[in-house]
Amino acid sequence: MSFESKERLKKSLEKGKVSLNVKVETNIYPSEELTIIADIKGNEKPKERLVFSAHIQEPGANDNATGVGVALEMASLTAKFIQQKEFQPKRTLTFLWGDEIVSTRRYVKEDSIRAKDIKWGISLDMVGEDTEKTGGIFLIEKMPDPSAIWTRGNDKHTEWGGSKMKLSQMKPHYLNDFLINKFKKQGKRANWKVSTNPFEGGSDHVPFLRENIPSVLFWHFTDQFYHTDNDRIDKVSKTTLKNVGTTALIAGYTLLNADENTAKSILFNLEKAAVSRLNEELKQSKIALNKGDSLKTQLLIINAWNNWYQESFTTTIDMVSYKNNLNKEIENSKKLIDSISKTIIKKLEI
Ligand SMILES: [Zn+2]
């Protein structure tokens, strides 16, 4: 429905009951599924890869010419950097343009040997919005973490909505906090609002997650022109595209060339994120207890976050060649977060 007809309908509804005659013309026909894949081969670990995906089947400017365009710009820039010898990825950087969910699902399912070494997947979907016009703010949709079970405090679902998840569906990983950290920094530099939402699904990150490949979604919501014929180029902001593209590329290059030092710095930031998360949950649990919620639930939440971070610390090992070098740091982070969780639990039990 167009924006204008929506507005007309809203006005009529204010006056009372409205009947609508809807005429739908559809066409079903066999067609080719078109997918383009561009690989920029890594020179040290070419089998390991990061995949940026952008779906091409949506007809709007924001959804999803922005994702398609920014991915193209990221690919061309990378090619230029390599030619000028300014950058060389150690792992393979892959760009995939195709049918939403269909092409990415095939990419992770059709070749089990290739799939085994996909380390990260990032979906670029509605990434260039002019927020003042559309209302949509930049969001990183996190891999399933306990905020998708207990959504409280600063965590909020979007109007797209998400269903309450189970503990068994959690995907503990460093990718969430690593990306949030990178984008928040750019947000500060560029005076640009960066936010997150608990896992909801519905884009190209889903097929990756189903195959247990760490994956997040970069997007904007709620865009008042989303899926209307007013999703045009005048709703797109060059500045936003630049912010998303640059930061995605910097984050991507960091992952592609990650080594022991990168793993240590990611682990260090992950530990900081864990501490601030646990303190925030303590605050939220106190509020909940005052409202009469059960202590049992609060302990469940604190333990869930503790476990989530314990397991996330371990995942940083996938960036290093000699695992022994990182084990001590991981153990230290685990111990620290475990002891903070125990202290919080004691505070709540009083
Ligand atoms: Zn889309």
# chains A, B, ... in the order shown; residues from 1 in each chain; ligands from 1
$ residues_around --residues "Thr228 of chain A" --least-positions-apart "4" --cutoff "10 Å" --atoms "only C-alpha atoms" --output "JSON, numbers by chain"
{"A": [1, 2, 3, 4, 5, 6, 59, 60, 63, 224, 232]}
$ residues_near_ligand --ligand "ligand 1" --cutoff "8 Å" --atoms "only C-alpha atoms and all ligand atoms" --output "number ranges by chain"
A: 55, 58, 63-64, 100, 125-126, 203
$ residues_around --residues "Val102 of chain A" --least-positions-apart "5" --cutoff "9 Å" --atoms "only C-alpha atoms" --output "PyMOL selection string"
chain A and resi 33+107+204+207
$ write_last_selection --atoms "all heavy atoms" --output "compact mmCIF listing (two decimals), in the first residue's frame"
# COMPACT_ATOMS: atom_id res chain seq x y z
N GLU A 33 16.93 -18.12 -10.28
CA GLU A 33 17.39 -17.43 -9.08
C GLU A 33 18.80 -16.92 -9.36
O GLU A 33 19.69 -17.69 -9.69
CB GLU A 33 17.39 -18.42 -7.91
CG GLU A 33 17.84 -17.79 -6.62
CD GLU A 33 18.49 -18.80 -5.71
OE1 GLU A 33 18.03 -19.95 -5.64
OE2 GLU A 33 19.51 -18.43 -5.10
N TYR A 107 23.87 -20.94 0.08
CA TYR A 107 25.32 -20.74 0.24
C TYR A 107 25.87 -21.54 1.43
O TYR A 107 26.97 -22.07 1.36
CB TYR A 107 25.63 -19.25 0.42
CG TYR A 107 27.11 -18.96 0.36
CD1 TYR A 107 27.78 -18.97 -0.86
CD2 TYR A 107 27.84 -18.73 1.52
CE1 TYR A 107 29.14 -18.73 -0.93
CE2 TYR A 107 29.20 -18.49 1.47
CZ TYR A 107 29.85 -18.49 0.24
OH TYR A 107 31.20 -18.27 0.18
N ASP A 204 18.97 -12.09 6.14
CA ASP A 204 19.98 -13.05 5.70
C ASP A 204 20.89 -13.59 6.81
O ASP A 204 21.71 -14.46 6.55
CB ASP A 204 20.86 -12.42 4.61
CG ASP A 204 20.17 -12.50 3.25
OD1 ASP A 204 19.66 -13.59 2.92
OD2 ASP A 204 20.14 -11.49 2.52
N PRO A 207 19.82 -17.91 7.95
CA PRO A 207 20.40 -19.17 7.48
C PRO A 207 21.77 -19.47 8.10
O PRO A 207 22.08 -20.63 8.38
CB PRO A 207 20.53 -18.97 5.97
CG PRO A 207 19.52 -17.94 5.63
CD PRO A 207 19.46 -17.03 6.82
$ select_by_dssp --residues "segment 78-172 of chain A" --states "helix (DSSP H, G or I)" --output "PyMOL selection string"
chain A and resi 78-83+102-109+112-116+131-134+146-148+167-169
$ atom_distance --atom1 "atom CA of Lys109 of chain A" --atom2 "atom CA of Gln169 of chain A"
19.9 Å
$ closest_residue --among "A:Pro46, A:Trp120, A:Gln84, A:Leu348" --to "Leu289 of chain A" --atoms "only C-alpha atoms"
A:Leu348
$ residues_around --residues "Lys133 of chain A" --least-positions-apart "4" --cutoff "10 Å" --atoms "only C-alpha atoms" --output "list in words"
Glu129, Asp223, Gln224, Phe225, Asp234, Lys235, Val236 and Ser237 of chain A
$ write_last_selection --atoms "C-alpha atoms" --output "short mmCIF file (atom, residue, chain, number, x, y, z; two decimals), in the first residue's frame"
data_model
loop_
_atom_site.label_atom_id
_atom_site.label_comp_id
_atom_site.auth_asym_id
_atom_site.auth_seq_id
_atom_site.Cartn_x
_atom_site.Cartn_y
_atom_site.Cartn_z
CA GLU A 129 18.48 5.67 6.08
CA ASP A 223 11.07 3.24 8.80
CA GLN A 224 7.62 4.73 8.18
CA PHE A 225 8.10 4.22 4.42
CA ASP A 234 15.36 10.87 -1.18
CA LYS A 235 14.98 8.82 2.05
CA VAL A 236 18.60 7.67 1.82
CA SER A 237 21.44 9.52 3.53
#
$ residues_around --residues "Thr315 of chain A" --least-positions-apart "4" --cutoff "7 Å" --atoms "only C-alpha atoms" --output "ChimeraX atom specification"
/A:173-174,311
$ atom_distance --atom1 "atom CA of Thr92 of chain A" --atom2 "atom CA of Ile40 of chain A"
5.6 Å
$ closest_residue --among "A:Ile213, A:Leu256, A:Leu249, A:Val18" --to "Glu73 of chain A" --atoms "only C-alpha atoms"
A:Leu249
$ atom_distance --atom1 "atom CA of Leu241 of chain A" --atom2 "atom CA of Asn62 of chain A"
10.3 Å
$ closest_residue --among "A:Val206, A:Leu167, A:Ala263, A:Ala54" --to "Phe313 of chain A" --atoms "only C-alpha atoms"
A:Ala263
$ closest_residue --among "A:Asn243, A:Leu326, A:Ala304, A:Ile266" --to "Arg189 of chain A" --atoms "only C-alpha atoms"
A:Asn243
$ residues_around --residues "Thr247 of chain A" --least-positions-apart "4" --cutoff "10 Å" --atoms "only C-alpha atoms" --output "PyMOL selection string"
chain A and resi 179+182-187+241-243+251-253
$ write_last_selection --atoms "N, CA and C atoms" --output "mmCIF file, in the first residue's frame"
data_model
loop_
_atom_site.group_PDB
_atom_site.id
_atom_site.type_symbol
_atom_site.label_atom_id
_atom_site.label_comp_id
_atom_site.auth_asym_id
_atom_site.auth_seq_id
_atom_site.Cartn_x
_atom_site.Cartn_y
_atom_site.Cartn_z
ATOM 1 N N LEU A 179 31.289 -6.063 17.450
ATOM 2 C CA LEU A 179 30.696 -5.133 16.488
ATOM 3 C C LEU A 179 30.061 -3.931 17.172
ATOM 4 N N LYS A 182 32.804 -1.507 17.982
ATOM 5 C CA LYS A 182 33.300 -0.798 16.796
ATOM 6 C C LYS A 182 32.316 0.285 16.341
ATOM 7 N N PHE A 183 31.029 -0.059 16.301
ATOM 8 C CA PHE A 183 30.028 0.903 15.806
ATOM 9 C C PHE A 183 29.764 2.025 16.807
ATOM 10 N N LYS A 184 29.810 1.725 18.100
ATOM 11 C CA LYS A 184 29.609 2.784 19.101
ATOM 12 C C LYS A 184 30.732 3.821 18.993
ATOM 13 N N LYS A 185 31.949 3.331 18.725
ATOM 14 C CA LYS A 185 33.080 4.248 18.562
ATOM 15 C C LYS A 185 32.842 5.182 17.384
ATOM 16 N N GLN A 186 32.392 4.621 16.259
ATOM 17 C CA GLN A 186 32.099 5.442 15.089
ATOM 18 C C GLN A 186 30.944 6.396 15.399
ATOM 19 N N GLY A 187 29.972 5.921 16.169
ATOM 20 C CA GLY A 187 28.845 6.753 16.577
ATOM 21 C C GLY A 187 29.322 7.994 17.314
ATOM 22 N N LEU A 241 25.177 5.967 4.923
ATOM 23 C CA LEU A 241 25.826 4.934 4.106
ATOM 24 C C LEU A 241 27.327 4.888 4.396
ATOM 25 N N LYS A 242 27.905 6.074 4.521
ATOM 26 C CA LYS A 242 29.337 6.168 4.767
ATOM 27 C C LYS A 242 29.680 5.606 6.153
ATOM 28 N N ASN A 243 28.862 5.977 7.153
ATOM 29 C CA ASN A 243 29.094 5.469 8.506
ATOM 30 C C ASN A 243 29.017 3.946 8.558
ATOM 31 N N ALA A 251 35.600 -3.192 10.681
ATOM 32 C CA ALA A 251 35.339 -4.365 11.528
ATOM 33 C C ALA A 251 35.678 -5.637 10.758
ATOM 34 N N GLY A 252 35.268 -5.670 9.489
ATOM 35 C CA GLY A 252 35.529 -6.838 8.652
ATOM 36 C C GLY A 252 37.024 -7.099 8.490
ATOM 37 N N TYR A 253 37.784 -6.050 8.187
ATOM 38 C CA TYR A 253 39.234 -6.208 8.013
ATOM 39 C C TYR A 253 39.877 -6.708 9.307
#
$ select_by_dssp --residues "segment 63-94 of chain A" --states "strand (DSSP E)" --output "JSON, numbers by chain"
{"A": [91, 92, 93, 94]}
$ write_last_selection --atoms "N, CA, C and O atoms" --output "JSON list (two decimals), in the first residue's frame"
[["chain", "number", "residue", "atom", "x", "y", "z"],
["A", 91, "ARG", "N", 42.31, -13.82, 5.57],
["A", 91, "ARG", "CA", 41.20, -14.76, 5.32],
["A", 91, "ARG", "C", 40.38, -14.22, 4.15],
["A", 91, "ARG", "O", 40.56, -13.07, 3.74],
["A", 92, "THR", "N", 39.48, -15.04, 3.62],
["A", 92, "THR", "CA", 38.73, -14.64, 2.43],
["A", 92, "THR", "C", 37.53, -13.76, 2.79],
["A", 92, "THR", "O", 36.80, -14.05, 3.73],
["A", 93, "LEU", "N", 37.38, -12.69, 2.00],
["A", 93, "LEU", "CA", 36.24, -11.80, 2.17],
["A", 93, "LEU", "C", 35.26, -12.08, 1.03],
["A", 93, "LEU", "O", 35.62, -11.99, -0.14],
["A", 94, "THR", "N", 34.04, -12.45, 1.39],
["A", 94, "THR", "CA", 33.04, -12.81, 0.39],
["A", 94, "THR", "C", 31.87, -11.83, 0.42],
["A", 94, "THR", "O", 31.40, -11.46, 1.50]]
$ residues_around --residues "Asp117 of chain A" --least-positions-apart "5" --cutoff "12 Å" --atoms "only C-alpha atoms" --output "PyMOL selection string"
chain A and resi 45-51+91-92+108+111-112+208+211-214+318
$ closest_residue --among "A:Ala71, A:Met170, A:Val24, A:Ile250" --to "Pro89 of chain A" --atoms "only C-alpha atoms"
A:Ile250
$ closest_residue --among "A:Lys264, A:Arg106, A:Lys291, A:Lys90" --to "Ser333 of chain A" --atoms "only C-alpha atoms"
A:Lys264
